[in-house]
Amino acid sequence: MRRKLDQSGLVQWAFLFGILFLAVGLMRPGTSTVVAEPVSAPVIASVRISEVINGLDELKEREADLRLFIDEQQSQIKKIGDELQGMVDELNLLPANSPQKKELVQKAMRHRLNLEVEGEISTQLIDQRRGEVYAEIFKKIEEATMQLARHEGYHLIITDDSDGAIVPDTERNVRGAILSRRVLYSDPSLDVTADLVLTMNNAWKAGG
């Protein structure tokens, strides 16, 4: 029995010496060991997208062009409206139940329908033109943001909407506003809105 215990003790001591040997070997200089590389923290910045859009010189110039397009559409609608008003004035001068009045009433009804259709088409064209302008500008914002990130060494640039207030409203609207919020807090030192606006305005002045 004692011999068995001695053998068991020898095995335990051999195991402990083996662990100690490995530990000493790992601590010796020049020994091949696996060392974890230090992980650097990502560099993050933020922009306030509404301020970026409103600060762009390109948007101001393109809004002026859009204003001309809107004026053209409104001029066409006004022309149809003036023609319809002329028909109404003429109807008031014609005798009741006269063939001319009946014919003009039908013509005025068609003109009024045309006015409503043209007005709806004009509204859709204006809305579509605005959408095209903002889509093109946002594409340029994405490209300028990528260039700024690469130049300054940012790993991530996020849209900071943390300054938007959640106002009391219906449960559905409040919950929707809460769930659509992307950032709860962003330190002001992360903000590069002014840098992005300056970069884009300089590019626009240089030829777009």
# chains A, B, ... in the order shown; residues from 1 in each chain; ligands from 1
>>> residues_around(residues="Thr145 of chain A", least_positions_apart="2", cutoff="12 Å", atoms="only C-alpha atoms", output="short mmCIF file (atom, residue, chain, number, x, y, z; two decimals) with C-alpha atoms, in the first residue's frame")
data_model
loop_
_atom_site.label_atom_id
_atom_site.label_comp_id
_atom_site.auth_asym_id
_atom_site.auth_seq_id
_atom_site.Cartn_x
_atom_site.Cartn_y
_atom_site.Cartn_z
CA ALA A 45 -16.56 61.20 -35.95
CA SER A 46 -20.08 62.54 -36.42
CA VAL A 47 -21.93 64.99 -38.66
CA ILE A 49 -26.69 65.91 -41.80
CA VAL A 52 -24.45 69.80 -43.91
CA PHE A 138 -26.64 63.15 -50.81
CA LYS A 139 -24.55 61.00 -53.13
CA LYS A 140 -21.89 63.73 -53.10
CA ILE A 141 -22.13 63.91 -49.28
CA GLU A 142 -21.39 60.18 -49.08
CA GLU A 143 -18.39 60.52 -51.39
CA GLN A 147 -12.69 61.15 -48.65
CA LEU A 148 -12.66 63.06 -45.36
CA ALA A 149 -12.51 59.81 -43.38
CA ARG A 150 -9.59 58.48 -45.39
CA HIS A 151 -7.70 61.77 -45.19
CA GLU A 152 -8.19 62.23 -41.45
CA GLY A 153 -7.99 58.57 -40.46
CA TYR A 154 -11.58 58.08 -39.28
CA HIS A 155 -12.87 54.53 -39.18
CA LEU A 156 -16.51 55.53 -38.81
CA ILE A 157 -18.50 58.72 -39.43
CA ILE A 158 -22.07 58.62 -38.19
CA THR A 159 -25.07 60.90 -38.56
CA VAL A 192 -16.82 67.28 -38.16
CA THR A 193 -19.84 68.95 -39.76
CA ALA A 194 -17.97 72.18 -40.50
CA ASP A 195 -15.04 70.26 -42.02
CA LEU A 196 -17.35 68.32 -44.32
CA VAL A 197 -19.23 71.47 -45.44
CA LEU A 198 -15.94 73.27 -46.12
CA THR A 199 -14.62 70.31 -48.11
CA MET A 200 -17.74 70.13 -50.27
#
>>> select_by_dssp(residues="segment 54-180 of chain A", states="helix (DSSP H, G or I)", output="VMD selection string")
chain A and resid 54 57 to 93 99 to 152 171 to 180
>>> closest_atom_pairs(of="segment 100-120 of chain A", to="segment 77-81 of chain A", cutoff="8 Å", atoms="only C-alpha atoms", output="Markdown table")
| residue | atom | partner | partner_atom | distance |
| --- | --- | --- | --- | --- |
| A:His111 | CA | A:Ile80 | CA | 7.5 |
| A:Arg112 | CA | A:Gly81 | CA | 8.0 |
| A:Leu115 | CA | A:Ile80 | CA | 6.1 |
| A:Glu118 | CA | A:Ile77 | CA | 6.9 |
| A:Gly119 | CA | A:Ile77 | CA | 6.3 |
>>> write_last_selection(atoms="C-alpha atoms", output="PDB file, in the first residue's frame")
ATOM      1  CA  HIS A 111     -61.020  73.465 -69.295  1.00  0.00           C
ATOM      2  CA  ARG A 112     -61.589  73.182 -65.557  1.00  0.00           C
ATOM      3  CA  LEU A 115     -56.653  72.788 -65.064  1.00  0.00           C
ATOM      4  CA  GLU A 118     -52.234  69.988 -65.231  1.00  0.00           C
ATOM      5  CA  GLY A 119     -51.984  71.262 -61.664  1.00  0.00           C
TER       6      GLY A 119
END
>>> atom_distance(atom1="atom CA of Asp127 of chain A", atom2="atom CA of Asp71 of chain A")
13.6 Å
>>> closest_residue(among="A:Glu58, A:Pro99, A:Ile126, A:Gly86", to="Glu72 of chain A", atoms="only C-alpha atoms")
A:Ile126
>>> select_by_dssp(residues="chain A", states="strand (DSSP E)", output="list in words")
Ile44, Ala45, Ser46, Val47, Leu156, Ile157, Ile158 and Thr159 of chain A
>>> write_last_selection(atoms="C-alpha atoms", output="CSV table (one decimal), in the first residue's frame")
chain,number,residue,atom,x,y,z
A,44,ILE,CA,-15.1,57.9,-34.8
A,45,ALA,CA,-16.6,61.2,-36.0
A,46,SER,CA,-20.1,62.5,-36.4
A,47,VAL,CA,-21.9,65.0,-38.7
A,156,LEU,CA,-16.5,55.5,-38.8
A,157,ILE,CA,-18.5,58.7,-39.4
A,158,ILE,CA,-22.1,58.6,-38.2
A,159,THR,CA,-25.1,60.9,-38.6
>>> closest_residue(among="A:Val133, A:Ala108, A:Val183, A:Asn114", to="Ala64 of chain A", atoms="only C-alpha atoms")
A:Val133
